[in-house]
file start.cif (mmCIF, C-alpha atoms and all ligand atoms)
data_entry
#
loop_
_atom_site.label_atom_id
_atom_site.label_comp_id
_atom_site.auth_asym_id
_atom_site.auth_seq_id
_atom_site.Cartn_x
_atom_site.Cartn_y
_atom_site.Cartn_z
CA MET D 1 102.29 135.68 74.24
CA GLY D 2 101.93 139.11 75.85
CA GLY D 3 99.64 141.70 74.30
CA SER D 4 99.02 145.29 75.30
CA VAL D 5 96.40 146.14 77.85
CA HIS D 6 94.47 147.85 75.06
CA ASP D 7 94.49 144.70 72.95
CA LEU D 8 93.23 142.71 75.92
CA LEU D 9 90.50 145.28 76.61
CA GLU D 10 89.39 145.34 72.96
CA LEU D 11 89.20 141.56 72.89
CA ALA D 12 87.20 141.55 76.15
CA ILE D 13 84.78 144.14 74.74
CA SER D 14 84.12 142.39 71.42
CA THR D 15 83.79 139.03 73.19
CA ALA D 16 81.39 140.32 75.86
CA ASP D 17 79.30 141.94 73.10
CA ALA D 18 79.11 138.69 71.16
CA ALA D 19 78.14 136.70 74.26
CA GLY D 20 75.47 139.28 75.13
CA VAL D 21 73.92 139.07 71.65
CA MET D 22 73.86 135.28 71.83
CA LEU D 23 72.29 135.30 75.30
CA ILE D 24 69.51 137.63 74.15
CA ASP D 25 68.91 135.88 70.81
CA LYS D 26 68.89 132.34 72.21
CA ARG D 27 66.95 132.98 75.41
CA PRO D 28 63.69 131.01 75.18
CA ALA D 29 60.78 133.48 75.30
CA ASP D 30 58.95 131.49 77.98
CA LEU D 31 61.99 130.93 80.16
CA GLY D 32 60.74 132.52 83.40
CA VAL D 33 57.24 131.13 83.35
CA ALA D 34 57.95 127.66 82.03
CA HIS D 35 61.15 126.89 83.82
CA THR D 36 60.53 128.15 87.31
CA LYS D 37 57.81 125.53 87.66
CA SER D 38 59.60 122.48 86.33
CA SER D 39 63.35 122.79 86.14
CA PRO D 40 64.50 126.24 87.18
CA THR D 41 68.19 125.71 86.68
CA ASP D 42 68.65 123.55 83.59
CA VAL D 43 67.99 126.01 80.78
CA VAL D 44 69.89 128.77 82.54
CA THR D 45 72.79 126.42 83.16
CA GLU D 46 72.78 125.51 79.47
CA MET D 47 72.85 129.17 78.48
CA ASP D 48 75.60 129.87 81.03
CA GLN D 49 77.71 127.05 79.62
CA ALA D 50 77.08 128.03 76.01
CA ALA D 51 78.09 131.64 76.74
CA GLU D 52 81.24 130.58 78.56
CA ARG D 53 82.17 128.29 75.65
CA LEU D 54 81.63 131.14 73.18
CA ILE D 55 83.79 133.48 75.28
CA ILE D 56 86.64 131.00 75.72
CA ASP D 57 86.56 129.90 72.05
CA ARG D 58 86.74 133.50 70.83
CA ILE D 59 89.60 134.45 73.13
CA ARG D 60 91.50 131.21 72.41
CA ALA D 61 91.18 131.78 68.66
CA SER D 62 93.32 134.92 68.93
CA ARG D 63 95.28 134.07 72.11
CA PRO D 64 95.86 130.30 72.32
CA GLY D 65 98.33 130.45 75.23
CA ASP D 66 96.11 132.18 77.79
CA ALA D 67 94.69 130.68 81.00
CA PHE D 68 91.04 130.86 82.10
CA LEU D 69 89.01 130.92 85.27
CA GLY D 70 85.33 130.62 84.46
CA GLU D 71 82.29 130.15 86.67
CA GLU D 72 81.17 127.17 84.61
CA GLY D 73 84.43 125.60 83.50
CA GLY D 74 86.74 126.14 86.43
CA GLU D 75 90.44 126.76 85.96
CA THR D 76 92.46 125.93 82.84
CA GLY D 77 96.16 126.72 82.67
CA GLY D 78 98.11 128.63 80.01
CA SER D 79 101.62 129.68 79.15
CA SER D 80 101.33 133.39 78.26
CA GLY D 81 101.03 134.93 81.75
CA VAL D 82 97.55 136.22 80.88
CA ARG D 83 94.52 134.77 82.67
CA TRP D 84 90.93 135.56 81.80
CA ILE D 85 88.38 135.60 84.61
CA ILE D 86 84.90 135.07 83.25
CA ASP D 87 81.34 135.10 84.50
CA PRO D 88 79.21 134.31 81.42
CA ILE D 89 75.96 135.41 83.13
CA ASP D 90 76.16 137.31 86.39
CA GLY D 91 72.62 137.74 87.62
CA THR D 92 71.28 134.40 86.46
CA VAL D 93 68.05 134.76 88.44
CA ASN D 94 67.35 138.06 86.66
CA TYR D 95 68.10 136.36 83.33
CA LEU D 96 65.68 133.57 84.24
CA TYR D 97 62.88 136.00 85.08
CA GLY D 98 63.43 138.31 82.10
CA LEU D 99 64.69 141.16 84.30
CA PRO D 100 67.26 143.40 82.58
CA ASP D 101 70.02 143.38 85.19
CA TRP D 102 72.27 140.54 84.16
CA ALA D 103 75.77 140.93 82.82
CA VAL D 104 78.63 139.29 81.00
CA SER D 105 81.78 139.92 83.05
CA ILE D 106 85.27 139.46 81.57
CA ALA D 107 88.55 140.48 83.22
CA ALA D 108 92.12 140.02 81.99
CA GLU D 109 94.82 139.44 84.58
CA VAL D 110 98.54 139.76 83.88
CA GLY D 111 101.03 138.51 86.45
CA GLY D 112 98.23 138.08 88.99
CA GLU D 113 96.86 141.62 88.58
CA VAL D 114 93.65 142.55 86.80
CA VAL D 115 94.58 145.05 84.08
CA ALA D 116 91.40 145.18 81.98
CA GLY D 117 87.76 144.60 82.80
CA VAL D 118 84.47 144.67 80.96
CA VAL D 119 80.95 144.30 82.29
CA ALA D 120 78.37 144.21 79.49
CA VAL D 121 74.71 144.70 80.40
CA PRO D 122 73.17 143.76 77.05
CA VAL D 123 69.49 144.43 77.73
CA ARG D 124 70.25 147.92 78.99
CA GLY D 125 72.71 148.51 76.13
CA GLU D 126 75.43 149.46 78.60
CA LEU D 127 79.07 148.49 78.50
CA TYR D 128 81.34 149.28 81.45
CA THR D 129 85.07 149.16 80.79
CA ALA D 130 88.32 149.90 82.56
CA ALA D 131 92.03 149.53 81.90
CA ARG D 132 94.34 149.82 84.87
CA GLY D 133 95.48 153.39 85.41
CA GLU D 134 93.27 154.74 82.63
CA GLY D 135 89.92 155.34 84.27
CA ALA D 136 86.54 153.67 83.91
CA TYR D 137 83.97 154.32 81.20
CA LEU D 138 80.36 153.61 80.42
CA VAL D 139 79.59 153.19 76.72
CA HIS D 140 75.91 153.44 75.81
CA ARG D 141 74.16 151.65 72.95
CA ASP D 142 74.26 154.81 70.80
CA GLY D 143 78.05 154.98 71.22
CA SER D 144 78.06 157.90 73.65
CA THR D 145 80.63 157.46 76.39
CA GLU D 146 80.82 158.71 79.99
CA LYS D 147 83.88 158.76 82.19
CA LEU D 148 82.82 157.29 85.52
CA ARG D 149 83.42 158.81 88.96
CA CYS D 150 81.98 157.26 92.06
CA ASN D 151 80.28 159.49 94.62
CA ALA D 152 82.66 161.10 97.08
CA GLY D 153 82.12 162.33 100.63
CA VAL D 154 78.78 160.60 101.23
CA PRO D 155 78.16 160.20 104.98
CA LEU D 156 77.17 156.71 106.10
CA GLU D 157 73.68 157.75 107.15
CA ARG D 158 72.98 159.09 103.62
CA ALA D 159 74.55 156.18 101.75
CA LEU D 160 72.56 154.08 99.29
CA VAL D 161 74.15 150.66 99.62
CA ALA D 162 73.84 147.69 97.26
CA THR D 163 74.21 144.17 98.55
CA GLY D 164 73.33 140.61 97.62
CA PHE D 165 72.54 137.29 99.20
CA GLY D 166 73.96 133.83 98.62
CA TYR D 167 72.03 130.75 97.56
CA LEU D 168 72.43 128.73 100.77
CA PRO D 169 69.75 129.13 103.47
CA GLN D 170 72.24 129.21 106.36
CA ARG D 171 74.32 131.91 104.69
CA ARG D 172 71.21 133.92 103.94
CA ALA D 173 70.01 133.72 107.53
CA HIS D 174 73.23 135.31 108.71
CA GLN D 175 73.23 137.84 105.86
CA ALA D 176 69.76 138.88 107.05
CA GLU D 177 71.15 139.43 110.56
CA VAL D 178 73.98 141.56 109.18
CA LEU D 179 71.44 143.52 107.17
CA CYS D 180 69.48 144.25 110.36
CA GLY D 181 72.60 145.94 111.71
CA VAL D 182 73.25 147.90 108.52
CA LEU D 183 69.80 149.06 107.41
CA PRO D 184 68.99 151.43 110.30
CA ARG D 185 72.34 153.20 109.83
CA ILE D 186 72.18 154.05 106.11
CA ARG D 187 69.83 155.72 103.61
CA ASP D 188 68.59 152.46 102.09
CA ILE D 189 69.52 149.12 100.56
CA ARG D 190 69.33 147.94 96.94
CA ARG D 191 69.43 144.28 95.89
CA GLY D 192 69.90 144.36 92.14
CA GLY D 193 70.82 140.71 91.56
CA SER D 194 74.24 141.03 89.94
CA ALA D 195 77.42 141.65 91.90
CA ALA D 196 79.22 142.75 88.72
CA ILE D 197 76.57 145.39 88.01
CA ASP D 198 76.53 146.47 91.67
CA LEU D 199 80.24 147.28 91.43
CA CYS D 200 79.66 149.19 88.18
CA SER D 201 76.83 151.06 89.90
CA VAL D 202 79.30 152.17 92.58
CA ALA D 203 81.59 153.36 89.77
CA ALA D 204 78.74 155.26 88.09
CA GLY D 205 77.46 156.84 91.32
CA ARG D 206 74.13 155.03 90.97
CA VAL D 207 74.70 153.66 94.45
CA ASP D 208 77.22 154.91 97.00
CA ALA D 209 78.58 151.56 98.14
CA TYR D 210 78.31 147.79 97.88
CA TYR D 211 79.11 144.93 100.21
CA GLU D 212 78.53 141.22 99.99
CA ARG D 213 79.73 137.92 101.41
CA GLY D 214 79.96 135.17 98.79
CA PRO D 215 80.78 136.53 95.34
CA HIS D 216 83.72 134.77 93.72
CA GLU D 217 86.58 136.18 91.67
CA TRP D 218 84.59 135.77 88.45
CA ASP D 219 81.77 137.88 89.93
CA PHE D 220 83.93 140.81 91.03
CA ALA D 221 87.21 140.79 89.03
CA ALA D 222 86.07 143.14 86.25
CA GLY D 223 83.68 145.19 88.40
CA ALA D 224 86.30 145.78 91.11
CA LEU D 225 88.73 147.25 88.56
CA ILE D 226 85.93 149.43 87.15
CA ALA D 227 84.98 150.68 90.65
CA ARG D 228 88.64 151.40 91.53
CA GLU D 229 89.31 153.17 88.26
CA ALA D 230 86.28 155.37 89.02
CA GLY D 231 87.95 156.45 92.26
CA GLY D 232 86.44 153.86 94.60
CA THR D 233 88.09 151.69 97.21
CA VAL D 234 87.48 147.94 96.97
CA GLY D 235 88.62 145.57 99.70
CA GLY D 236 87.74 143.09 102.38
CA LEU D 237 87.84 143.37 106.15
CA HIS D 238 90.91 144.71 108.00
CA GLY D 239 92.96 145.58 104.92
CA ARG D 240 92.44 142.26 103.17
CA PRO D 241 91.77 142.17 99.42
CA PRO D 242 88.25 141.53 98.15
CA SER D 243 87.44 137.84 98.26
CA VAL D 244 84.65 135.32 98.62
CA GLU D 245 84.75 136.13 102.36
CA LEU D 246 83.66 139.72 101.83
CA THR D 247 83.86 142.44 99.21
CA ILE D 248 83.22 146.06 100.12
CA ALA D 249 83.31 148.87 97.54
CA ALA D 250 82.70 152.54 98.21
CA GLY D 251 83.73 156.02 97.23
CA PRO D 252 86.23 158.18 99.08
CA GLY D 253 85.26 158.78 102.68
CA LEU D 254 82.64 156.04 102.83
CA PHE D 255 84.68 152.85 102.67
CA GLY D 256 86.05 153.32 106.22
CA PRO D 257 82.73 154.01 107.97
CA LEU D 258 81.00 151.16 106.11
CA HIS D 259 83.87 148.81 106.93
CA ASP D 260 83.68 149.80 110.61
CA LEU D 261 79.92 149.27 110.67
CA LEU D 262 80.25 145.82 109.08
CA ALA D 263 83.28 144.47 110.97
CA PRO D 264 81.60 143.89 114.37
CA LEU D 265 78.59 142.32 112.63
CA ASP D 266 80.86 139.42 111.63
CA PRO D 267 79.76 139.47 107.96
CA GLU D 268 82.17 136.72 106.89
CA ARG D 269 80.43 134.09 108.99
CA ASP D 270 77.91 131.64 107.50
C1 LIG O 1 75.20 135.98 91.82
C2 LIG O 1 74.90 137.44 91.63
C3 LIG O 1 74.18 137.97 92.85
C4 LIG O 1 74.96 137.76 94.10
C5 LIG O 1 75.35 136.30 94.26
C6 LIG O 1 76.06 135.79 93.01
P1 LIG O 1 75.16 134.46 89.63
O1 LIG O 1 75.89 135.46 90.69
O2 LIG O 1 76.07 138.18 91.45
O3 LIG O 1 73.94 139.37 92.77
O4 LIG O 1 74.19 138.18 95.20
O5 LIG O 1 76.21 136.24 95.38
O6 LIG O 1 76.35 134.43 93.17
O7 LIG O 1 74.82 133.21 90.38
O8 LIG O 1 73.97 135.16 89.14
O9 LIG O 1 76.20 134.25 88.57
CA CA O 2 77.98 135.43 89.13
#
call {"tool": "encode", "arguments": {"input": "start.cif", "output": "structure tokens", "more": "lines below"}}
Ligand code: IPD
Ligand code: CA
result
Amino acid sequence: MGGSVHDLLELAISTADAAGVMLIDKRPADLGVAHTKSSPTDVVTEMDQAAERLIIDRIRASRPGDAFLGEEGGETGGSSGVRWIIDPIDGTVNYLYGLPDWAVSIAAEVGGEVVAGVVAVPVRGELYTAARGEGAYLVHRDGSTEKLRCNAGVPLERALVATGFGYLPQRRAHQAEVLCGVLPRIRDIRRGGSAAIDLCSVAAGRVDAYYERGPHEWDFAAGALIAREAGGTVGGLHGRPPSVELTIAAGPGLFGPLHDLLAPLDPERD
């Protein structure tokens, strides 16, 4: 089963909306306080799994032949040539603490290429969307829509750069070393807590660039398309594609200088 890019995008939007509503409605009010003391991960893991189930069930109901890659469920094969790449909650620590910056990220890939991507930020009432070749958009809760353009021509020393840190202590220790090399050379750093939103923030010009070691395909698939469709460059080191090793995203003129600052700092090492 094929399906136009627009059909895939519409399905991603309605599904991300539904998952966002569920995640807000079903989030226990005392989640942050109660569950950081006893079992910090369990309730969040349950919500993650429930959201991923909702997303897959909804998509399967209209497209039974599609494949899935989800943060919670891993890889399941299909026969249609379409694969959905899903992060049910990106920014789980923010979700746990009741901070607004968590997202539902859904991308549709056809023949190995991401053609549609949606990042819903339910608490902010923001929905970022892109279809390949058709630009990136931010739809607000009131329905108003902005076409996104990332910032162009920002010199490295004036760049506001988002990044993130992994969960493993050893990885974090090295990420802190890399940060020591980056911070004195730029305007400032932001650590928002969601790689998907960071990429959308590049697209929206809310930050100038983003880099991080560690995010997986489900974290960046939708956001990378959105950043690219807003005019940004997204890649890894030395011409490689974005990957778990490293993802860099920046507007025109900034990707190169940021890449060249990062490369000698060995940011792919743990
Ligand atoms: C994490 C967030 C965070 C990033 C981590 C990711 P999760 O995803 O995107 O911003 O720094 O690398 O693992 O665990 O909240 O789905
Ligand atoms: Ca994630």
call {"tool": "residues_near_ligand", "arguments": {"input": "start.cif", "ligand": "ligand LIG 1 (chain O)", "cutoff": "6 Å", "atoms": "all atoms listed in the file", "output": "list of chain:residue names"}}
result
D:Ile89, D:Asp90, D:Gly91, D:Thr92, D:Val93, D:Gly164, D:Phe165, D:Gly166, D:Gly193, D:Ser194, D:Ala195, D:Gly214, D:Pro215, D:Asp219
call {"tool": "write_last_selection", "arguments": {"input": "start.cif", "atoms": "C-alpha atoms", "output": "short mmCIF file (atom, residue, chain, number, x, y, z; two decimals), in the coordinates of the input"}}
result
data_model
loop_
_atom_site.label_atom_id
_atom_site.label_comp_id
_atom_site.auth_asym_id
_atom_site.auth_seq_id
_atom_site.Cartn_x
_atom_site.Cartn_y
_atom_site.Cartn_z
CA ILE D 89 75.96 135.41 83.13
CA ASP D 90 76.16 137.31 86.39
CA GLY D 91 72.62 137.74 87.62
CA THR D 92 71.28 134.40 86.46
CA VAL D 93 68.05 134.76 88.44
CA GLY D 164 73.33 140.61 97.62
CA PHE D 165 72.54 137.29 99.20
CA GLY D 166 73.96 133.83 98.62
CA GLY D 193 70.82 140.71 91.56
CA SER D 194 74.24 141.03 89.94
CA ALA D 195 77.42 141.65 91.90
CA GLY D 214 79.96 135.17 98.79
CA PRO D 215 80.78 136.53 95.34
CA ASP D 219 81.77 137.88 89.93
#
call {"tool": "closest_residue", "arguments": {"input": "start.cif", "among": "D:Ser243, D:Thr45, D:Thr76, D:Ser105", "to": "ligand CA 2 (chain O)", "atoms": "only C-alpha atoms and all ligand atoms"}}
result
D:Ser105
call {"tool": "residues_around", "arguments": {"input": "start.cif", "residues": "His140 of chain D", "least_positions_apart": "4", "cutoff": "6 Å", "atoms": "all atoms listed in the file", "output": "NGL selection string"}}
result
:D and (125-126 or 144)
call {"tool": "atom_distance", "arguments": {"input": "start.cif", "atom1": "atom CA of Ile189 of chain D", "atom2": "atom CA of Glu212 of chain D"}}
result
12.0 Å
call {"tool": "closest_residue", "arguments": {"input": "start.cif", "among": "D:Leu148, D:Ala131, D:Leu262, D:Ala120", "to": "Arg185 of chain D", "atoms": "all atoms listed in the file"}}
result
D:Leu262
call {"tool": "atom_distance", "arguments": {"input": "start.cif", "atom1": "atom CA of Ile56 of chain D", "atom2": "atom CA of Leu9 of chain D"}}
result
14.8 Å
call {"tool": "residues_around", "arguments": {"input": "start.cif", "residues": "Glu157 of chain D", "least_positions_apart": "4", "cutoff": "9 Å", "atoms": "only C-alpha atoms", "output": "PDB file with C-alpha atoms, in the coordinates of the input"}}
result
ATOM      1  CA  PRO D 184      68.990 151.430 110.300  1.00  0.00           C
ATOM      2  CA  ARG D 185      72.340 153.200 109.830  1.00  0.00           C
ATOM      3  CA  ILE D 186      72.180 154.050 106.110  1.00  0.00           C
ATOM      4  CA  ARG D 187      69.830 155.720 103.610  1.00  0.00           C
ATOM      5  CA  ASP D 188      68.590 152.460 102.090  1.00  0.00           C
TER       6      ASP D 188
END
call {"tool": "atom_distance", "arguments": {"input": "start.cif", "atom1": "atom CA of Gly205 of chain D", "atom2": "atom CA of Asn151 of chain D"}}
result
5.1 Å
call {"tool": "residues_around", "arguments": {"input": "start.cif", "residues": "segment 220-226 of chain D", "least_positions_apart": "2", "cutoff": "10 Å", "atoms": "all atoms listed in the file", "output": "ChimeraX atom specification"}}
result
/D:84-87,90,104-109,113-119,128-133,135-138,148-149,194-204,215-218,228-235,242-244,247-249
call {"tool": "closest_residue", "arguments": {"input": "start.cif", "among": "D:Pro88, D:Pro64, D:Gly20, D:Gly81", "to": "ligand CA 2 (chain O)", "atoms": "only C-alpha atoms and all ligand atoms"}}
result
D:Pro88
call {"tool": "closest_residue", "arguments": {"input": "start.cif", "among": "D:Ala173, D:Leu156, D:Leu11, D:Ala51", "to": "His259 of chain D", "atoms": "only C-alpha atoms"}}
result
D:Leu156
call {"tool": "closest_residue", "arguments": {"input": "start.cif", "among": "D:Glu46, D:Tyr167, D:Ile59, D:Arg269", "to": "ligand CA 2 (chain O)", "atoms": "only C-alpha atoms and all ligand atoms"}}
result
D:Tyr167
call {"tool": "residues_around", "arguments": {"input": "start.cif", "residues": "Val123 of chain D", "least_positions_apart": "5", "cutoff": "10 Å", "atoms": "only C-alpha atoms", "output": "MDAnalysis selection string"}}
result
chainID D and resid 20:21 23:24 95 98:103 141
call {"tool": "closest_residue", "arguments": {"input": "start.cif", "among": "D:Gly192, D:Val154, D:Thr163, D:Arg240", "to": "Pro257 of chain D", "atoms": "all atoms listed in the file"}}
result
D:Val154
